[in-house]
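**Student:** Data file model.cif (mmCIF, C-alpha atoms) is appended below.
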```cif
data_model
#
loop_
_atom_site.label_atom_id
_atom_site.label_comp_id
_atom_site.auth_asym_id
_atom_site.auth_seq_id
_atom_site.Cartn_x
_atom_site.Cartn_y
_atom_site.Cartn_z
CA MET A 1 0.00 0.00 0.00
CA THR A 2 1.30 3.46 -0.92
CA ARG A 3 2.50 5.43 2.09
CA PRO A 4 0.05 8.24 2.92
CA THR A 5 1.35 11.77 2.49
CA VAL A 6 -1.48 13.39 4.45
CA SER A 7 -3.09 11.59 7.38
CA ALA A 8 -6.05 12.84 9.38
CA ALA A 9 -7.81 11.18 12.30
CA GLY A 10 -11.03 12.18 14.02
CA LEU A 11 -11.09 15.77 12.76
CA THR A 12 -13.99 17.66 14.28
CA LEU A 13 -14.95 21.31 14.08
CA SER A 14 -18.17 22.95 15.19
CA TYR A 15 -19.56 26.38 14.41
CA ARG A 16 -22.32 27.74 16.65
CA GLY A 17 -23.47 24.31 17.70
CA THR A 18 -23.33 22.79 14.21
CA ARG A 19 -20.75 20.08 13.51
CA ALA A 20 -19.29 21.30 10.25
CA VAL A 21 -16.70 18.50 10.26
CA ASP A 22 -17.59 15.41 12.25
CA GLU A 23 -14.94 12.78 13.09
CA VAL A 24 -13.35 12.82 9.67
CA THR A 25 -10.56 10.31 9.16
CA LEU A 26 -8.74 9.93 5.88
CA ARG A 27 -5.37 9.20 4.34
CA LEU A 28 -4.26 10.81 1.12
CA THR A 29 -1.58 9.56 -1.24
CA GLU A 30 0.07 10.98 -4.33
CA GLY A 31 -2.30 11.85 -7.14
CA VAL A 32 -5.61 13.69 -7.24
CA THR A 33 -8.26 12.89 -4.65
CA GLY A 34 -11.69 14.35 -5.24
CA LEU A 35 -13.82 15.64 -2.37
CA LEU A 36 -17.46 15.59 -3.40
CA GLY A 37 -20.44 16.83 -1.45
CA PRO A 38 -23.41 19.17 -1.51
CA ASN A 39 -23.35 22.74 -0.20
CA GLY A 40 -22.92 22.74 3.55
CA ALA A 41 -21.36 19.27 3.61
CA GLY A 42 -18.24 20.56 5.34
CA LYS A 43 -15.87 20.34 2.37
CA THR A 44 -14.52 23.88 2.66
CA THR A 45 -14.15 23.56 6.42
CA LEU A 46 -12.21 20.32 6.01
CA LEU A 47 -9.99 21.88 3.37
CA ARG A 48 -9.34 24.91 5.59
CA ILE A 49 -8.31 22.58 8.41
CA LEU A 50 -5.92 20.62 6.19
CA ALA A 51 -4.54 23.87 4.75
CA THR A 52 -3.89 25.02 8.36
CA ALA A 53 -6.17 28.03 7.92
CA THR A 54 -8.24 26.96 10.90
CA VAL A 55 -7.72 24.70 13.92
CA PRO A 56 -9.97 21.68 14.53
CA ASP A 57 -11.70 21.29 17.89
CA ASN A 58 -10.52 17.69 18.04
CA GLY A 59 -8.50 15.21 16.05
CA ALA A 60 -5.09 15.51 14.45
CA PHE A 61 -3.44 15.41 11.09
CA THR A 62 0.00 15.44 9.52
CA VAL A 63 1.06 16.96 6.22
CA LEU A 64 4.06 15.28 4.61
CA GLY A 65 5.26 14.27 8.06
CA HIS A 66 4.71 17.69 9.70
CA ASP A 67 2.35 18.09 12.66
CA PRO A 68 0.52 21.45 12.48
CA SER A 69 -0.56 21.33 16.12
CA THR A 70 2.71 23.06 17.09
CA VAL A 71 3.89 26.46 15.88
CA THR A 72 7.01 25.13 14.15
CA GLY A 73 5.10 22.16 12.76
CA ARG A 74 2.50 24.50 11.32
CA GLN A 75 5.15 26.67 9.67
CA ASP A 76 6.86 23.54 8.26
CA ALA A 77 3.54 22.23 6.95
CA ARG A 78 2.79 25.56 5.30
CA ARG A 79 6.13 25.43 3.50
CA VAL A 80 5.07 22.25 1.69
CA LEU A 81 1.48 23.08 0.90
CA GLY A 82 -0.28 25.27 -1.63
CA TYR A 83 -3.85 26.46 -1.14
CA LEU A 84 -6.38 27.73 -3.67
CA PRO A 85 -9.32 28.96 -1.56
CA GLN A 86 -12.90 29.06 -2.73
CA ASN A 87 -12.76 32.83 -3.15
CA PRO A 88 -9.11 33.66 -3.80
CA GLY A 89 -9.48 37.44 -3.77
CA PHE A 90 -6.98 39.72 -5.47
CA HIS A 91 -5.89 43.28 -4.95
CA PRO A 92 -7.54 44.97 -7.96
CA ASP A 93 -4.41 46.86 -9.01
CA PHE A 94 -2.02 43.92 -8.94
CA THR A 95 -0.79 42.48 -12.18
CA ALA A 96 -0.67 38.69 -12.42
CA PHE A 97 3.10 38.80 -11.88
CA GLU A 98 2.89 41.19 -8.91
CA PHE A 99 0.31 39.01 -7.16
CA VAL A 100 2.33 35.83 -7.59
CA ASP A 101 5.46 37.73 -6.54
CA TYR A 102 3.67 38.92 -3.39
CA VAL A 103 2.62 35.37 -2.54
CA ALA A 104 6.20 34.26 -3.14
CA VAL A 105 7.34 36.81 -0.52
CA LEU A 106 4.81 35.34 1.91
CA LYS A 107 6.27 31.93 1.11
CA GLU A 108 9.65 33.25 2.26
CA LEU A 109 11.32 33.58 -1.14
CA THR A 110 13.28 36.63 -0.10
CA ASP A 111 15.92 36.64 -2.83
CA ARG A 112 14.47 38.83 -5.57
CA ARG A 113 16.07 37.03 -8.51
CA THR A 114 14.98 33.59 -7.30
CA ARG A 115 11.52 34.87 -6.48
CA HIS A 116 10.98 36.49 -9.87
CA ALA A 117 12.21 33.35 -11.63
CA GLU A 118 9.75 31.30 -9.60
CA ALA A 119 6.89 33.69 -10.39
CA ARG A 120 7.67 33.41 -14.10
CA ARG A 121 7.91 29.62 -13.84
CA VAL A 122 4.51 29.12 -12.24
CA LEU A 123 2.80 31.63 -14.52
CA ASP A 124 4.30 29.81 -17.51
CA ALA A 125 3.12 26.50 -16.07
CA VAL A 126 -0.49 27.71 -16.01
CA GLY A 127 -0.28 29.23 -19.49
CA LEU A 128 -0.25 32.89 -18.47
CA ALA A 129 3.22 33.86 -19.68
CA ASP A 130 1.75 36.34 -22.18
CA VAL A 131 -0.40 38.19 -19.64
CA ARG A 132 2.05 38.42 -16.75
CA GLY A 133 2.00 42.21 -16.84
CA LYS A 134 -1.75 42.54 -17.19
CA ARG A 135 -3.82 43.79 -14.26
CA ILE A 136 -5.82 40.99 -12.70
CA ARG A 137 -9.09 42.95 -12.88
CA LYS A 138 -8.78 42.88 -16.68
CA LEU A 139 -8.38 39.12 -16.87
CA SER A 140 -11.22 36.68 -17.56
CA GLY A 141 -12.63 34.49 -14.81
CA GLY A 142 -10.69 31.48 -16.06
CA MET A 143 -7.45 33.43 -16.17
CA LYS A 144 -8.00 34.73 -12.63
CA GLN A 145 -8.41 31.17 -11.41
CA ARG A 146 -5.17 30.28 -13.17
CA VAL A 147 -3.40 33.16 -11.42
CA ALA A 148 -4.67 31.79 -8.12
CA LEU A 149 -3.44 28.31 -9.08
CA ALA A 150 -0.05 29.74 -10.04
CA ALA A 151 0.17 31.35 -6.60
CA ALA A 152 -0.66 28.02 -4.97
CA LEU A 153 2.12 26.35 -6.99
CA VAL A 154 4.82 28.77 -5.82
CA GLY A 155 7.55 26.89 -4.04
CA ASP A 156 6.59 23.59 -5.70
CA PRO A 157 4.47 22.34 -2.78
CA GLY A 158 4.06 18.63 -2.18
CA PHE A 159 0.43 19.02 -1.08
CA LEU A 160 -2.10 21.10 -3.03
CA VAL A 161 -5.50 21.99 -1.63
CA LEU A 162 -7.94 23.23 -4.27
CA ASP A 163 -11.38 24.43 -3.18
CA GLU A 164 -13.86 24.30 -6.06
CA PRO A 165 -11.42 25.72 -8.59
CA THR A 166 -13.70 25.17 -11.61
CA VAL A 167 -16.77 27.00 -10.27
CA GLY A 168 -18.00 29.64 -12.67
CA LEU A 169 -15.80 28.48 -15.56
CA ASP A 170 -17.28 27.73 -18.96
CA PRO A 171 -16.75 24.20 -20.38
CA GLU A 172 -13.64 25.14 -22.33
CA GLN A 173 -12.06 26.91 -19.38
CA ARG A 174 -12.98 23.98 -17.16
CA MET A 175 -11.32 21.57 -19.56
CA ARG A 176 -8.11 23.59 -19.57
CA PHE A 177 -8.15 23.88 -15.81
CA ARG A 178 -8.61 20.12 -15.46
CA GLU A 179 -5.54 19.63 -17.58
CA LEU A 180 -3.57 21.89 -15.26
CA ILE A 181 -4.80 20.00 -12.22
CA ALA A 182 -3.91 16.67 -13.82
CA GLU A 183 -0.38 17.95 -14.47
CA ALA A 184 -0.15 19.33 -10.96
CA GLY A 185 -1.11 15.92 -9.57
CA GLU A 186 1.95 14.22 -11.04
CA GLY A 187 4.35 13.53 -8.17
CA ARG A 188 2.21 15.58 -5.81
CA THR A 189 -0.78 15.05 -3.50
CA VAL A 190 -3.81 17.06 -4.60
CA LEU A 191 -7.09 17.33 -2.72
CA LEU A 192 -9.74 18.76 -5.02
CA SER A 193 -13.10 19.87 -3.70
CA THR A 194 -15.80 20.02 -6.31
CA HIS A 195 -19.53 19.79 -6.98
CA GLN A 196 -18.87 18.38 -10.41
CA THR A 197 -18.80 14.60 -10.71
CA GLU A 198 -17.25 15.09 -14.17
CA ASP A 199 -14.17 16.64 -12.50
CA VAL A 200 -13.84 13.55 -10.34
CA ALA A 201 -14.45 11.14 -13.20
CA MET A 202 -11.79 12.77 -15.36
CA LEU A 203 -9.14 13.61 -12.79
CA CYS A 204 -9.29 11.54 -9.64
CA HIS A 205 -7.87 8.19 -8.73
CA ARG A 206 -9.82 8.37 -5.50
CA VAL A 207 -12.96 10.11 -4.27
CA VAL A 208 -14.27 11.02 -0.83
CA VAL A 209 -17.95 11.91 -0.47
CA MET A 210 -18.91 14.14 2.43
CA ASP A 211 -22.33 15.01 3.72
CA GLN A 212 -23.37 16.78 6.93
CA GLY A 213 -19.76 16.88 8.06
CA ARG A 214 -19.18 13.12 7.78
CA VAL A 215 -17.39 10.92 5.27
CA ARG A 216 -20.01 8.82 3.47
CA PHE A 217 -17.73 7.15 0.97
CA ASP A 218 -13.98 6.77 0.47
CA GLY A 219 -12.75 4.74 -2.50
CA THR A 220 -12.16 4.82 -6.22
CA PRO A 221 -14.53 6.41 -8.73
CA ALA A 222 -15.26 2.92 -10.10
CA GLU A 223 -16.24 1.73 -6.60
CA LEU A 224 -18.50 4.76 -6.14
CA THR A 225 -20.19 4.02 -9.47
CA ALA A 226 -20.57 0.37 -8.42
CA VAL A 227 -22.56 1.51 -5.36
CA ALA A 228 -25.36 2.23 -7.80
CA ASP A 229 -25.19 -1.16 -9.59
CA GLY A 230 -28.71 -2.48 -9.96
CA ARG A 231 -30.14 0.61 -8.28
CA VAL A 232 -30.79 2.87 -11.25
CA TRP A 233 -33.83 2.46 -13.43
CA ARG A 234 -35.95 4.30 -15.94
CA SER A 235 -39.68 4.78 -15.72
CA ALA A 236 -42.46 6.53 -17.55
CA GLU A 237 -43.67 8.26 -14.42
CA ARG A 238 -42.13 9.75 -11.29
CA GLN A 239 -41.36 7.10 -8.67
CA PRO A 240 -42.20 8.31 -5.15
CA GLY A 241 -40.13 5.54 -3.55
CA ALA A 242 -36.88 6.52 -5.30
CA ARG A 243 -34.06 8.17 -3.35
CA ALA A 244 -33.72 10.65 -6.22
CA GLY A 245 -35.45 10.98 -9.55
CA TRP A 246 -35.57 13.47 -12.37
CA ARG A 247 -37.15 13.92 -15.72
CA THR A 248 -34.75 13.41 -18.62
CA GLY A 249 -34.76 15.09 -22.00
CA THR A 250 -36.68 12.13 -23.53
CA GLY A 251 -39.57 12.62 -21.13
CA GLU A 252 -38.75 9.50 -19.14
CA PHE A 253 -37.69 9.57 -15.50
CA ARG A 254 -34.32 8.37 -14.26
CA ASN A 255 -34.51 7.02 -10.72
CA VAL A 256 -31.91 6.14 -8.11
CA GLY A 257 -32.70 4.03 -5.06
CA ASP A 258 -34.32 0.64 -4.47
CA PRO A 259 -35.97 -0.38 -7.75
CA PRO A 260 -39.41 -1.99 -7.76
CA GLU A 261 -40.03 -5.47 -9.16
CA GLY A 262 -39.51 -5.59 -12.90
CA ALA A 263 -37.94 -2.13 -13.14
CA ARG A 264 -36.03 -1.30 -16.30
CA LEU A 265 -32.48 -1.12 -14.92
CA VAL A 266 -29.86 1.01 -16.62
CA GLU A 267 -26.09 1.38 -16.40
CA PRO A 268 -25.17 3.56 -13.39
CA THR A 269 -22.95 6.61 -13.54
CA LEU A 270 -20.64 8.16 -10.98
CA GLU A 271 -23.34 10.71 -10.23
CA ASP A 272 -25.81 7.93 -9.38
CA GLY A 273 -23.34 6.43 -6.92
CA TYR A 274 -22.75 9.87 -5.43
CA LEU A 275 -26.48 10.45 -4.93
CA LEU A 276 -26.79 7.11 -3.14
CA ALA A 277 -23.80 7.91 -0.95
CA LEU A 278 -25.41 11.09 0.40
CA GLY A 279 -27.33 10.91 3.64
CA GLY A 280 -27.83 7.86 5.86
CA ASP A 281 -25.00 5.53 6.82
CA PRO A 282 -21.71 5.29 4.97
CA VAL A 283 -21.98 3.05 1.91
CA ALA A 284 -19.72 0.17 0.93
CA GLY A 285 -16.32 1.45 -0.07
CA VAL A 286 -15.60 3.54 3.04
CA ALA A 287 -12.13 2.66 4.27
CA ALA A 288 -12.16 1.00 7.71
CA MET B 1 -6.05 37.43 -0.34
CA TYR B 2 -6.70 36.97 3.36
CA GLU B 3 -6.72 33.17 3.23
CA THR B 4 -3.67 33.14 0.97
CA ALA B 5 -1.76 35.11 3.60
CA VAL B 6 -3.18 33.07 6.48
CA VAL B 7 -1.69 29.78 5.23
CA ALA B 8 1.62 31.26 4.11
CA PRO B 9 4.66 30.06 6.03
CA MET B 10 5.69 33.62 6.90
CA HIS B 11 4.68 34.00 10.51
CA THR B 12 1.59 36.20 10.78
CA PHE B 13 3.28 38.24 13.50
CA ARG B 14 6.19 39.05 11.19
CA LEU B 15 3.79 40.12 8.44
CA LEU B 16 1.85 42.24 10.91
CA MET B 17 5.03 43.94 12.13
CA VAL B 18 6.23 44.66 8.59
CA ARG B 19 2.91 46.35 7.83
CA THR B 20 2.73 48.14 11.20
CA VAL B 21 6.26 49.51 10.95
CA ALA B 22 5.67 50.66 7.37
CA VAL B 23 2.51 52.55 8.35
CA LEU B 24 4.05 53.88 11.56
CA ALA B 25 7.15 55.14 9.79
CA THR B 26 5.13 56.90 7.10
CA THR B 27 2.62 58.51 9.44
CA THR B 28 5.33 59.54 11.90
CA LEU B 29 7.28 61.28 9.16
CA LEU B 30 4.22 63.05 7.79
CA SER B 31 3.01 64.08 11.24
CA ALA B 32 6.47 65.32 12.19
CA LEU B 33 6.51 67.46 9.07
CA ALA B 34 3.04 68.76 9.93
CA SER B 35 4.32 69.70 13.40
CA LEU B 36 6.64 72.22 11.74
CA ALA B 37 3.48 74.21 11.09
CA LEU B 38 3.34 74.91 14.83
CA PRO B 39 6.68 76.66 15.42
CA SER B 40 5.35 78.54 18.47
CA LEU B 41 5.09 75.26 20.41
CA GLY B 42 8.71 74.36 19.92
CA LEU B 43 9.67 70.80 20.89
CA ALA B 44 6.32 70.40 22.64
CA SER B 45 4.78 69.94 19.20
CA LEU B 46 6.44 66.51 19.12
CA GLY B 47 4.85 65.53 22.40
CA TRP B 48 2.38 63.27 20.61
CA LEU B 49 5.15 60.87 19.51
CA LEU B 50 5.53 58.83 22.69
CA PRO B 51 1.79 58.66 23.48
CA ALA B 52 1.17 57.58 19.87
CA LEU B 53 3.77 54.84 20.20
CA ALA B 54 2.26 53.75 23.51
CA LEU B 55 -1.25 53.64 22.05
CA THR B 56 -0.12 51.71 18.95
CA SER B 57 1.87 49.09 20.82
CA THR B 58 -0.88 48.67 23.43
CA GLY B 59 -3.56 48.37 20.77
CA VAL B 60 -1.63 45.76 18.81
CA ALA B 61 -0.68 43.84 21.97
CA LEU B 62 -4.31 43.72 23.13
CA THR B 63 -5.43 42.65 19.65
CA ALA B 64 -3.77 39.29 20.33
CA ARG B 65 -6.34 38.65 23.06
CA LEU B 66 -9.31 40.87 22.26
CA GLY B 67 -9.31 41.00 18.46
CA PRO B 68 -8.72 43.83 15.98
CA VAL B 69 -11.95 45.72 16.71
CA LEU B 70 -12.35 45.65 20.48
CA ALA B 71 -8.66 46.26 21.27
CA PRO B 72 -8.19 49.54 19.38
CA ALA B 73 -11.69 50.69 20.41
CA LEU B 74 -10.79 50.21 24.07
CA VAL B 75 -7.40 51.86 23.68
CA GLY B 76 -8.88 54.80 21.78
CA GLY B 77 -11.63 55.20 24.35
CA ALA B 78 -9.18 55.05 27.24
CA TRP B 79 -6.97 57.69 25.61
CA ALA B 80 -9.91 60.03 25.03
CA ALA B 81 -11.00 59.56 28.64
CA LEU B 82 -7.47 60.23 29.92
CA VAL B 83 -7.11 63.45 27.96
CA ALA B 84 -10.60 64.65 28.98
CA LEU B 85 -9.98 63.80 32.62
CA SER B 86 -6.60 65.53 32.71
CA ARG B 87 -8.20 68.68 31.31
CA LEU B 88 -10.94 68.56 33.91
CA LEU B 89 -8.65 67.99 36.85
CA ALA B 90 -5.91 70.48 36.02
CA SER B 91 -5.42 73.54 33.91
CA GLY B 92 -2.35 74.14 31.79
CA THR B 93 -0.51 71.42 29.87
CA PRO B 94 -2.54 68.19 29.62
CA LEU B 95 -0.99 65.32 31.57
CA PRO B 96 0.13 63.23 28.56
CA PHE B 97 2.27 66.14 27.38
CA THR B 98 4.02 66.82 30.68
CA ALA B 99 7.38 65.26 31.58
CA GLU B 100 5.61 62.75 33.83
CA GLY B 101 3.13 61.92 31.11
CA GLN B 102 5.87 61.42 28.53
CA GLY B 103 7.73 59.13 30.91
CA GLY B 104 4.55 57.16 31.53
CA ALA B 105 3.93 56.87 27.80
CA ALA B 106 7.45 55.60 27.25
CA ALA B 107 7.01 53.01 30.02
CA VAL B 108 3.66 51.86 28.58
CA ALA B 109 5.23 51.58 25.11
CA VAL B 110 8.06 49.41 26.43
CA ALA B 111 5.73 47.21 28.48
CA ALA B 112 3.24 46.81 25.65
CA THR B 113 6.00 45.90 23.21
CA ALA B 114 7.26 43.24 25.61
CA LEU B 115 3.72 41.85 25.92
CA LEU B 116 3.34 41.92 22.16
CA VAL B 117 6.52 39.91 21.60
CA ALA B 118 5.49 37.41 24.29
CA ALA B 119 2.09 36.95 22.61
CA ARG B 120 3.38 36.78 19.04
CA ASP B 121 2.27 33.20 18.44
CA ARG B 122 -1.34 34.18 19.09
CA PHE B 123 -1.34 36.08 15.82
CA ASP B 124 -0.74 32.93 13.89
CA SER B 125 -4.20 31.97 12.62
CA GLY B 126 -3.57 28.34 13.38
CA ALA B 127 -2.80 29.10 17.01
CA LEU B 128 -5.29 27.87 19.60
CA PRO B 129 -7.53 30.63 20.93
CA GLY B 130 -7.49 31.50 24.61
CA PRO B 131 -5.23 30.13 27.33
CA SER B 132 -6.37 26.48 27.09
CA LEU B 133 -3.55 23.94 26.93
CA ARG B 134 -5.88 20.94 26.99
CA SER B 135 -6.50 21.01 23.23
CA SER B 136 -2.76 21.30 22.52
CA ARG B 137 -2.05 18.11 24.47
CA THR B 138 -4.96 16.28 22.84
CA LEU B 139 -3.78 17.25 19.36
CA ARG B 140 -0.16 16.34 19.99
CA SER B 141 -0.95 12.91 21.45
CA ALA B 142 -3.35 12.21 18.57
CA ALA B 143 -0.64 13.25 16.08
CA ARG B 144 1.82 10.84 17.75
CA ARG B 145 -0.67 8.00 17.24
CA LEU B 146 -0.89 8.89 13.57
CA SER B 147 2.86 8.66 12.85
#
```
Will you turn the file into structure tokens for me?

**Tutor:**
Amino acid sequence: MTRPTVSAAGLTLSYRGTRAVDEVTLRLTEGVTGLLGPNGAGKTTLLRILATATVPDNGAFTVLGHDPSTVTGRQDARRVLGYLPQNPGFHPDFTAFEFVDYVAVLKELTDRRTRHAEARRVLDAVGLADVRGKRIRKLSGGMKQRVALAAALVGDPGFLVLDEPTVGLDPEQRMRFRELIAEAGEGRTVLLSTHQTEDVAMLCHRVVVMDQGRVRFDGTPAELTAVADGRVWRSAERQPGARAGWRTGTGEFRNVGDPPEGARLVEPTLEDGYLLALGGDPVAGVAA
Amino acid sequence: MYETAVVAPMHTFRLLMVRTVAVLATTTLLSALASLALPSLGLASLGWLLPALALTSTGVALTARLGPVLAPALVGGAWAALVALSRLLASGTPLPFTAEGQGGAAAVAVAATALLVAARDRFDSGALPGPSLRSSRTLRSAARRLS
């Protein structure tokens, strides 16, 4: 079994009486791990904990061997991680280069020559070499996300935390961004939070499904899809007993749940498995 | 940009001090230049320097425990009360601008700076809030079980 690069045990964090993250245990290895879940599932809170932006109430974790529960451990962990938050935020007057250069200063690259070379390297890596000198406010949404990704890549971190990086991007931009994430995942541990099952299907060797602060599934995308084997069927009318059902473009209904006798079963998708994993007890595939 | 700075390895205290010193240096220079517009006061026109330093260092030191809104509000309120009270109780030069007041301001500035340095780890966003050590021990023992 591949040695985990990020290990977390029993992470718990509550806000105003609500358990945003509830006894989360997971082990990440090299490659891209997808974190799927609905709004309010606790994904962003979990990512903020692992990125050392907030402290859990209970539990512990290590990042590439560093323990962030101590001051020096936290600084060491931050030296090996890159974080792309849900809302990166930019100073409106910064150019792409100036922003990445500023982040490089925060990442302790004090030598100007080295720092500028690093800023150029990461901007080239995300395909923004031609717009380095352009003010961020004049860049498209997709380009802004790439600037934020470039900033996260400064210092060549071993652990990348990406919080819904493809939100708001059009299909072409999303495709390009996926390519960048796939490249970033080579030789690196990437934890990617997303609403899009397509992101997981195309990028991730592993997927974790969260709901109401708890891990509902932890396994491969194929295992998550297999959760829905024999539990997806089509019908002419809405099925009240289905866990989820929706009208398709052909006028038929696609249903997920426990099919009735004689139901017309269809091949499940990753999304079907995800829908079954939400709510209730953890489904088969959760690591012990 | 807040979260980007929060998870950066540069210690939050160091970043705070870089920004504080930059602002302090600039405002001190500009205010000193403005004081030249009061030549009749002589050196007394620079009497605001030490109280300003005392207020700044106290405000930043208290921010570590009370947060960035309550701390400066309390310090500002206390300063206003002190100046008003000194005017009520005595005529002539307000207390903060007397020799005793200047000495007191210098002492407060030194003490507050020492407190600030002692509390520097509290500015790190990952630091545990409040004086509780229980959570630190729980986290460290759990981390040892992980490795």

**Student:** In Å, how far is it from CA of Ala41 (chain A) to CA of Arg174 (chain A)?

**Tutor:** 22.9 Å

**Student:** Can you tell me, as number ranges by chain, what residues are no more than 12 Å from Val154 (chain A) when counting only C-alpha atoms, ignoring any on the same chain fewer than 5 positions away?

**Tutor:** A: 78-84, 97, 99-109, 114-126, 147-149, 159-160, 184; B: 4, 8-9

**Student:** Just write the chosen residues, C-alpha atoms, as a PDB file, in the frame of the given file.

**Tutor:**
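What follows is the written file again22.pdb:
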```pdb
ATOM      1  CA  ARG A  78       2.790  25.560   5.300  1.00  0.00           C
ATOM      2  CA  ARG A  79       6.130  25.430   3.500  1.00  0.00           C
ATOM      3  CA  VAL A  80       5.070  22.250   1.690  1.00  0.00           C
ATOM      4  CA  LEU A  81       1.480  23.080   0.900  1.00  0.00           C
ATOM      5  CA  GLY A  82      -0.280  25.270  -1.630  1.00  0.00           C
ATOM      6  CA  TYR A  83      -3.850  26.460  -1.140  1.00  0.00           C
ATOM      7  CA  LEU A  84      -6.380  27.730  -3.670  1.00  0.00           C
ATOM      8  CA  PHE A  97       3.100  38.800 -11.880  1.00  0.00           C
ATOM      9  CA  PHE A  99       0.310  39.010  -7.160  1.00  0.00           C
ATOM     10  CA  VAL A 100       2.330  35.830  -7.590  1.00  0.00           C
ATOM     11  CA  ASP A 101       5.460  37.730  -6.540  1.00  0.00           C
ATOM     12  CA  TYR A 102       3.670  38.920  -3.390  1.00  0.00           C
ATOM     13  CA  VAL A 103       2.620  35.370  -2.540  1.00  0.00           C
ATOM     14  CA  ALA A 104       6.200  34.260  -3.140  1.00  0.00           C
ATOM     15  CA  VAL A 105       7.340  36.810  -0.520  1.00  0.00           C
ATOM     16  CA  LEU A 106       4.810  35.340   1.910  1.00  0.00           C
ATOM     17  CA  LYS A 107       6.270  31.930   1.110  1.00  0.00           C
ATOM     18  CA  GLU A 108       9.650  33.250   2.260  1.00  0.00           C
ATOM     19  CA  LEU A 109      11.320  33.580  -1.140  1.00  0.00           C
ATOM     20  CA  THR A 114      14.980  33.590  -7.300  1.00  0.00           C
ATOM     21  CA  ARG A 115      11.520  34.870  -6.480  1.00  0.00           C
ATOM     22  CA  HIS A 116      10.980  36.490  -9.870  1.00  0.00           C
ATOM     23  CA  ALA A 117      12.210  33.350 -11.630  1.00  0.00           C
ATOM     24  CA  GLU A 118       9.750  31.300  -9.600  1.00  0.00           C
ATOM     25  CA  ALA A 119       6.890  33.690 -10.390  1.00  0.00           C
ATOM     26  CA  ARG A 120       7.670  33.410 -14.100  1.00  0.00           C
ATOM     27  CA  ARG A 121       7.910  29.620 -13.840  1.00  0.00           C
ATOM     28  CA  VAL A 122       4.510  29.120 -12.240  1.00  0.00           C
ATOM     29  CA  LEU A 123       2.800  31.630 -14.520  1.00  0.00           C
ATOM     30  CA  ASP A 124       4.300  29.810 -17.510  1.00  0.00           C
ATOM     31  CA  ALA A 125       3.120  26.500 -16.070  1.00  0.00           C
ATOM     32  CA  VAL A 126      -0.490  27.710 -16.010  1.00  0.00           C
ATOM     33  CA  VAL A 147      -3.400  33.160 -11.420  1.00  0.00           C
ATOM     34  CA  ALA A 148      -4.670  31.790  -8.120  1.00  0.00           C
ATOM     35  CA  LEU A 149      -3.440  28.310  -9.080  1.00  0.00           C
ATOM     36  CA  PHE A 159       0.430  19.020  -1.080  1.00  0.00           C
ATOM     37  CA  LEU A 160      -2.100  21.100  -3.030  1.00  0.00           C
ATOM     38  CA  ALA A 184      -0.150  19.330 -10.960  1.00  0.00           C
TER      39      ALA A 184
ATOM     40  CA  THR B   4      -3.670  33.140   0.970  1.00  0.00           C
ATOM     41  CA  ALA B   8       1.620  31.260   4.110  1.00  0.00           C
ATOM     42  CA  PRO B   9       4.660  30.060   6.030  1.00  0.00           C
TER      43      PRO B   9
END
```

**Student:** Name all residues at most 7 Å from Ala51 (chain A) (count all atoms listed in the file; drop same-chain ones fewer than 3 positions away) and give them as a list of chain:residue names.

**Tutor:**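 So the residues in contact are A:Leu47, A:Arg48, A:Tyr83, A:Val161, B:Val7.
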
**Student:** Might you pull out every residue within 12 Å of region 28-32 of chain B, with all atoms listed in the file counted and same-chain residues fewer than 6 positions away left off, and present them as a PyMOL selection string?

**Tutor:** chain B and resi 20-22+38-39+43-50+52-53+56

**Student:** Find, counting only C-alpha atoms, the residue in A:Pro68, A:Gly141, A:Gly42, A:Gly187 that gets nearest to Pro157 (chain A).

**Tutor:**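 Closest to Pro157 (chain A), using only C-alpha atoms: A:Gly187.
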
**Student:** Run the PyMOL selection byres ((chain A) within 8 of (chain B)) against the file shown and list the residues it catches, as a PyMOL selection string.

**Tutor:** chain A and resi 7-9+51-55+57-62+65+67+69-71+74-79+83-85+88-91+103+106-108

**Student:** Between CA of Arg14 (chain B) and CA of Leu66 (chain B), what is the spacing in Å?

**Tutor:**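 Separation between CA of Leu66 (chain B) and CA of Arg14 (chain B): 19.1 Å.
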
**Student:** Using the chain letters and numbers from this file, what does the PyMOL selection byres ((chain B and resi 57-63) around 8) select? Give the answer as an mmCIF file with C-alpha atoms, keeping the file's coordinate frame.

**Tutor:**
```cif
data_model
loop_
_atom_site.group_PDB
_atom_site.id
_atom_site.type_symbol
_atom_site.label_atom_id
_atom_site.label_comp_id
_atom_site.auth_asym_id
_atom_site.auth_seq_id
_atom_site.Cartn_x
_atom_site.Cartn_y
_atom_site.Cartn_z
ATOM 1 C CA LEU B 53 3.770 54.840 20.200
ATOM 2 C CA ALA B 54 2.260 53.750 23.510
ATOM 3 C CA LEU B 55 -1.250 53.640 22.050
ATOM 4 C CA THR B 56 -0.120 51.710 18.950
ATOM 5 C CA ALA B 64 -3.770 39.290 20.330
ATOM 6 C CA ARG B 65 -6.340 38.650 23.060
ATOM 7 C CA LEU B 66 -9.310 40.870 22.260
ATOM 8 C CA GLY B 67 -9.310 41.000 18.460
ATOM 9 C CA PRO B 68 -8.720 43.830 15.980
ATOM 10 C CA VAL B 69 -11.950 45.720 16.710
ATOM 11 C CA LEU B 70 -12.350 45.650 20.480
ATOM 12 C CA ALA B 71 -8.660 46.260 21.270
ATOM 13 C CA PRO B 72 -8.190 49.540 19.380
ATOM 14 C CA VAL B 75 -7.400 51.860 23.680
ATOM 15 C CA VAL B 108 3.660 51.860 28.580
ATOM 16 C CA ALA B 109 5.230 51.580 25.110
ATOM 17 C CA ALA B 112 3.240 46.810 25.650
ATOM 18 C CA THR B 113 6.000 45.900 23.210
ATOM 19 C CA LEU B 115 3.720 41.850 25.920
ATOM 20 C CA LEU B 116 3.340 41.920 22.160
ATOM 21 C CA ALA B 119 2.090 36.950 22.610
#
```
